$ cat work.cif   # mmCIF, C-alpha atoms
data_query
loop_
_atom_site.group_PDB
_atom_site.id
_atom_site.type_symbol
_atom_site.label_atom_id
_atom_site.label_comp_id
_atom_site.auth_asym_id
_atom_site.auth_seq_id
_atom_site.Cartn_x
_atom_site.Cartn_y
_atom_site.Cartn_z
ATOM 1 C CA MET A 1 0.000 0.000 0.000
ATOM 2 C CA LYS A 2 1.159 3.492 -0.772
ATOM 3 C CA PRO A 3 1.799 5.563 2.389
ATOM 4 C CA ASP A 4 0.000 8.839 3.016
ATOM 5 C CA PRO A 5 2.112 11.815 1.976
ATOM 6 C CA THR A 6 3.646 13.947 4.690
ATOM 7 C CA TYR A 7 3.855 17.710 4.645
ATOM 8 C CA SER A 8 5.953 20.361 6.300
ATOM 9 C CA ARG A 9 4.355 22.549 8.932
ATOM 10 C CA LEU A 10 6.033 25.594 10.462
ATOM 11 C CA TYR A 11 4.527 27.769 13.152
ATOM 12 C CA PHE A 12 5.986 31.229 13.705
ATOM 13 C CA THR A 13 5.183 32.886 16.993
ATOM 14 C CA GLY A 14 6.835 35.479 19.159
ATOM 15 C CA THR A 15 6.863 36.720 22.718
ATOM 16 C CA ASP A 16 7.911 40.125 23.970
ATOM 17 C CA LEU A 17 8.903 39.125 27.496
ATOM 18 C CA ASP A 18 9.482 42.712 28.686
ATOM 19 C CA GLU A 19 5.971 43.780 27.710
ATOM 20 C CA GLU A 20 4.417 40.323 28.307
ATOM 21 C CA LYS A 21 2.807 40.306 24.852
ATOM 22 C CA PHE A 22 2.301 37.325 22.582
ATOM 23 C CA GLY A 23 2.180 37.149 18.770
ATOM 24 C CA ILE A 24 4.768 37.268 16.008
ATOM 25 C CA ASN A 25 3.710 40.811 15.144
ATOM 26 C CA VAL A 26 4.426 42.147 18.671
ATOM 27 C CA LEU A 27 8.174 41.719 18.160
ATOM 28 C CA SER A 28 10.072 44.952 17.642
ATOM 29 C CA GLU A 29 11.873 43.276 14.710
ATOM 30 C CA TYR A 30 8.669 42.065 13.036
ATOM 31 C CA ASP A 31 9.513 43.883 9.770
ATOM 32 C CA GLY A 32 12.912 42.174 9.643
ATOM 33 C CA PHE A 33 11.234 38.844 10.349
ATOM 34 C CA ILE A 34 8.857 39.359 7.411
ATOM 35 C CA SER A 35 11.818 40.247 5.165
ATOM 36 C CA ALA A 36 13.531 37.010 6.228
ATOM 37 C CA LEU A 37 10.396 35.020 5.345
ATOM 38 C CA GLU A 38 10.197 36.729 1.951
ATOM 39 C CA GLU A 39 13.823 35.841 1.305
ATOM 40 C CA GLY A 40 13.124 32.213 2.149
ATOM 41 C CA LEU A 41 9.948 32.038 0.063
ATOM 42 C CA GLU A 42 11.834 33.302 -3.010
ATOM 43 C CA THR A 43 8.790 34.774 -4.759
ATOM 44 C CA LYS A 44 6.832 37.978 -5.147
ATOM 45 C CA ASN A 45 3.490 36.264 -5.720
ATOM 46 C CA TYR A 46 1.225 36.275 -2.680
ATOM 47 C CA GLN A 47 -2.459 35.517 -3.286
ATOM 48 C CA THR A 48 -5.314 36.082 -0.868
ATOM 49 C CA HIS A 49 -9.089 36.000 -1.265
ATOM 50 C CA SER A 50 -8.939 39.749 -1.926
ATOM 51 C CA GLY A 51 -6.271 39.695 -4.625
ATOM 52 C CA ASN A 52 -2.589 39.380 -5.476
ATOM 53 C CA PHE A 53 0.214 41.156 -3.651
ATOM 54 C CA ASP A 54 3.888 41.739 -4.398
ATOM 55 C CA SER A 55 4.919 41.742 -0.739
ATOM 56 C CA LEU A 56 4.245 39.348 2.083
ATOM 57 C CA ASP A 57 3.662 42.216 4.511
ATOM 58 C CA GLU A 58 0.892 43.691 2.325
ATOM 59 C CA ALA A 59 -0.705 40.266 1.945
ATOM 60 C CA ILE A 60 -0.668 39.649 5.705
ATOM 61 C CA SER A 61 -2.089 43.114 6.384
ATOM 62 C CA SER A 62 -5.018 42.386 4.059
ATOM 63 C CA LEU A 63 -6.052 39.294 6.042
ATOM 64 C CA GLU A 64 -8.447 38.772 8.894
ATOM 65 C CA LEU A 65 -7.632 36.029 11.397
ATOM 66 C CA GLY A 66 -8.149 32.570 9.902
ATOM 67 C CA GLU A 67 -7.598 33.727 6.329
ATOM 68 C CA VAL A 68 -4.765 32.523 4.135
ATOM 69 C CA ILE A 69 -2.055 33.527 1.748
ATOM 70 C CA VAL A 70 -1.254 31.115 -1.060
ATOM 71 C CA VAL A 71 2.366 31.429 -2.176
ATOM 72 C CA GLY A 72 3.693 30.062 -5.433
ATOM 73 C CA ASP A 73 5.299 30.846 -8.735
ATOM 74 C CA LYS A 74 2.033 30.285 -10.592
ATOM 75 C CA LYS A 75 -1.418 31.748 -10.096
ATOM 76 C CA ALA A 76 -3.782 29.655 -8.013
ATOM 77 C CA ASP A 77 -6.614 28.264 -10.147
ATOM 78 C CA PHE A 78 -8.917 27.690 -7.177
ATOM 79 C CA ASP A 79 -10.874 29.860 -4.773
ATOM 80 C CA VAL A 80 -8.401 30.818 -2.039
ATOM 81 C CA SER A 81 -11.263 31.511 0.375
ATOM 82 C CA THR A 82 -12.050 27.751 0.529
ATOM 83 C CA LEU A 83 -9.061 27.463 2.885
ATOM 84 C CA HIS A 84 -10.430 30.076 5.332
ATOM 85 C CA ILE A 85 -11.087 28.989 8.904
ATOM 86 C CA ASP A 86 -12.889 30.892 11.616
ATOM 87 C CA THR A 87 -11.064 31.846 14.798
ATOM 88 C CA ASN A 88 -12.550 28.881 16.685
ATOM 89 C CA SER A 89 -11.506 26.304 14.081
ATOM 90 C CA ASN A 90 -8.382 24.333 13.468
ATOM 91 C CA VAL A 91 -6.411 24.153 10.238
ATOM 92 C CA GLY A 92 -6.462 20.368 10.628
ATOM 93 C CA HIS A 93 -10.168 20.392 9.815
ATOM 94 C CA LEU A 94 -9.346 21.340 6.225
ATOM 95 C CA LYS A 95 -7.089 18.391 5.440
ATOM 96 C CA THR A 96 -8.665 17.588 2.079
ATOM 97 C CA GLU A 97 -8.646 21.152 0.786
ATOM 98 C CA LEU A 98 -5.165 21.838 2.126
ATOM 99 C CA ARG A 99 -3.764 18.621 0.668
ATOM 100 C CA GLU A 100 -4.951 19.501 -2.841
ATOM 101 C CA VAL A 101 -3.284 22.913 -2.677
ATOM 102 C CA LEU A 102 -0.014 21.541 -1.270
ATOM 103 C CA GLU A 103 0.112 18.798 -3.889
ATOM 104 C CA ASN A 104 0.136 21.570 -6.508
ATOM 105 C CA ASP A 105 3.357 22.943 -4.950
ATOM 106 C CA PHE A 106 1.835 25.975 -3.266
ATOM 107 C CA VAL A 107 2.789 27.136 0.218
ATOM 108 C CA VAL A 108 -0.134 28.113 2.443
ATOM 109 C CA ILE A 109 0.180 30.616 5.291
ATOM 110 C CA TYR A 110 -2.606 31.065 7.850
ATOM 111 C CA LYS A 111 -2.916 34.172 9.990
ATOM 112 C CA GLU A 112 -3.805 32.791 13.409
ATOM 113 C CA GLN A 113 -4.995 34.348 16.631
ATOM 114 C CA ALA A 114 -2.414 35.009 19.347
ATOM 115 C CA LYS A 115 -3.117 36.554 22.723
ATOM 116 C CA ASP A 116 -2.006 40.069 21.740
ATOM 117 C CA GLY A 117 -1.682 39.877 17.964
ATOM 118 C CA PHE A 118 -1.277 37.074 15.474
ATOM 119 C CA ASP A 119 0.995 34.180 14.547
ATOM 120 C CA LEU A 120 1.733 32.643 11.157
ATOM 121 C CA HIS A 121 1.134 28.961 10.433
ATOM 122 C CA MET A 122 2.813 27.721 7.250
ATOM 123 C CA PHE A 123 2.278 24.508 5.296
ATOM 124 C CA SER A 124 4.199 23.149 2.293
ATOM 125 C CA LYS A 125 4.673 19.934 0.379
ATOM 126 C CA LYS A 126 8.431 19.950 1.019
ATOM 127 C CA ASN A 127 10.347 20.734 4.159
ATOM 128 C CA ILE A 128 11.307 24.367 3.630
ATOM 129 C CA TYR A 129 12.700 25.017 7.112
ATOM 130 C CA THR A 130 16.222 25.352 5.713
ATOM 131 C CA LYS A 131 15.109 28.235 3.465
ATOM 132 C CA PHE A 132 14.271 30.305 6.561
ATOM 133 C CA PHE A 133 17.062 29.169 8.863
ATOM 134 C CA HIS A 134 19.857 31.419 7.549
ATOM 135 C CA PRO A 135 17.750 34.555 6.910
ATOM 136 C CA LEU A 136 16.417 34.359 10.483
ATOM 137 C CA GLN A 137 19.808 33.415 11.903
ATOM 138 C CA ASN A 138 21.281 36.534 10.277
ATOM 139 C CA MET A 139 19.086 38.618 12.595
ATOM 140 C CA LEU A 140 20.783 37.197 15.691
ATOM 141 C CA PRO A 141 21.765 38.134 18.332
ATOM 142 C CA ASP A 142 20.339 41.665 18.295
ATOM 143 C CA ALA A 143 16.784 41.169 17.016
ATOM 144 C CA PHE A 144 15.481 38.317 19.139
ATOM 145 C CA ARG A 145 16.178 34.822 20.393
ATOM 146 C CA PHE A 146 15.266 32.115 17.900
ATOM 147 C CA PHE A 147 14.232 28.582 18.867
ATOM 148 C CA SER A 148 13.666 25.628 16.579
ATOM 149 C CA ILE A 149 11.198 23.231 18.123
ATOM 150 C CA ASN A 150 10.232 19.772 16.967
ATOM 151 C CA GLY A 151 6.420 19.758 16.889
ATOM 152 C CA LYS A 152 6.365 16.195 18.207
ATOM 153 C CA LYS A 153 7.834 17.467 21.478
ATOM 154 C CA PHE A 154 4.788 19.591 22.299
ATOM 155 C CA ARG A 155 2.831 17.818 24.965
ATOM 156 C CA SER A 156 0.698 20.644 26.288
ATOM 157 C CA GLU A 157 -0.248 24.291 25.929
ATOM 158 C CA ARG A 158 2.315 24.971 28.657
ATOM 159 C CA HIS A 159 5.118 23.856 26.309
ATOM 160 C CA PHE A 160 3.921 26.311 23.689
ATOM 161 C CA TYR A 161 4.802 29.192 26.029
ATOM 162 C CA PHE A 162 7.944 27.611 27.495
ATOM 163 C CA GLU A 163 9.826 30.929 27.424
ATOM 164 C CA THR A 164 7.581 32.284 30.190
ATOM 165 C CA TRP A 165 8.666 29.632 32.701
ATOM 166 C CA THR A 166 11.968 28.076 31.597
ATOM 167 C CA LEU A 167 13.834 30.217 29.084
ATOM 168 C CA THR A 168 17.222 29.330 30.582
ATOM 169 C CA ARG A 169 16.600 25.572 30.260
ATOM 170 C CA PRO A 170 14.171 24.896 27.367
ATOM 171 C CA PRO A 171 12.412 21.515 27.312
ATOM 172 C CA HIS A 172 14.026 18.568 25.530
ATOM 173 C CA GLY A 173 13.799 19.003 21.743
ATOM 174 C CA PHE A 174 13.623 22.802 21.936
ATOM 175 C CA GLU A 175 16.865 24.061 20.425
ATOM 176 C CA GLU A 176 18.043 27.653 20.507
ATOM 177 C CA VAL A 177 19.665 28.863 17.301
ATOM 178 C CA PHE A 178 22.817 30.918 17.760
ATOM 179 C CA VAL A 179 24.968 32.907 15.332
ATOM 180 C CA GLU A 180 27.372 29.945 15.171
ATOM 181 C CA SER A 181 24.666 27.243 14.823
ATOM 182 C CA VAL A 182 24.791 25.047 11.737
ATOM 183 C CA LEU A 183 22.126 22.946 10.064
#
$ encode --input "work.cif" --output "structure tokens"
Amino acid sequence: MKPDPTYSRLYFTGTDLDEEKFGINVLSEYDGFISALEEGLETKNYQTHSGNFDSLDEAISSLELGEVIVVGDKKADFDVSTLHIDTNSNVGHLKTELREVLENDFVVIYKEQAKDGFDLHMFSKKNIYTKFFHPLQNMLPDAFRFFSINGKKFRSERHFYFETWTLTRPPHGFEEVFVESVL
């Protein structure tokens, strides 16, 4: 039997510990973060339900929570709004729709609710983590601290906010990226 395909899933979140605010957009270096994502995505084609954009920042700004950006070198030939979720839903509920889009080599980015702003949830057919590693690493050490976390290591909501209770000794599988870190 043919195995089910696997997909890459990246979740970008941020915490401003001084201000006790949560969401990728609360970081003082949010603009630099977006530039790093654009560098990794290697395209200027960002599609939302409301149109096409040349910049990721403009595309994100056009979205409400639960809406998506479809990223790819070609124009999406489907209704992007079919991937929309409401703020009480879960992206996992759209497995069929999401799978079809990913199988056509698009990257899908959801704008998700965070306590004080929003986070970005990214899906792709291939593992594209390495495309973001160096652009984000180049922002260290001045912009923020950057952790790479294996999603299988999350056991509870408490782990999701580990930096609020154990920043000096992150849980097993939570690796801090430093200027000298290598892939």
$ residues_around --input "work.cif" --residues "stretch 105-120 of chain A" --least-positions-apart "5" --cutoff "6 Å" --atoms "only C-alpha atoms" --output "MDAnalysis selection string"
chainID A and resid 11:13 21:24 65:72
$ resolve_selection --input "work.cif" --expression "the PyMOL selection byres ((chain A and resi 83) around 12)" --output "VMD selection string"
chain A and resid 48 to 49 66 to 70 78 to 82 84 to 86 89 to 102 108 to 111 123
$ resolve_selection --input "work.cif" --expression "the PyMOL selection byres ((chain A and resi 9) around 9)" --output "ChimeraX atom specification"
/A:7-8,10-11,121-125,127-129,151
$ resolve_selection --input "work.cif" --expression "the PyMOL selection byres ((chain A and resi 181) around 12)" --output "ChimeraX atom specification"
/A:133-134,136-138,140-141,146-148,175-180,182-183
$ axis_aligned_box --input "work.cif" --around "stretch 140-144 of chain A" --padding-each-side "6 Å" --output "JSON"
{"center_x": 18.6, "center_y": 39.4, "center_z": 17.4, "size_x": 18.3, "size_y": 16.5, "size_z": 15.4}
$ closest_residue --input "work.cif" --among "A:Asn104, A:Thr130, A:Asn150, A:Thr43" --to "A:Gly173" --atoms "all atoms listed in the file"
A:Asn150
$ atom_distance --input "work.cif" --atom1 "atom CA of A:Glu39" --atom2 "atom CA of A:Ala59"
15.2 Å
$ atom_distance --input "work.cif" --atom1 "atom CA of A:Trp165" --atom2 "atom CA of A:Ala36"
27.9 Å
$ closest_residue --input "work.cif" --among "A:Arg145, A:Glu103, A:Lys44, A:Pro171" --to "A:Pro5" --atoms "all atoms listed in the file"
A:Glu103
$ atom_distance --input "work.cif" --atom1 "atom CA of A:Ile60" --atom2 "atom CA of A:Tyr30"
12.1 Å
$ closest_residue --input "work.cif" --among "A:Asp4, A:Asp77, A:Asp18, A:Glu29" --to "A:Gln47" --atoms "only C-alpha atoms"
A:Asp77
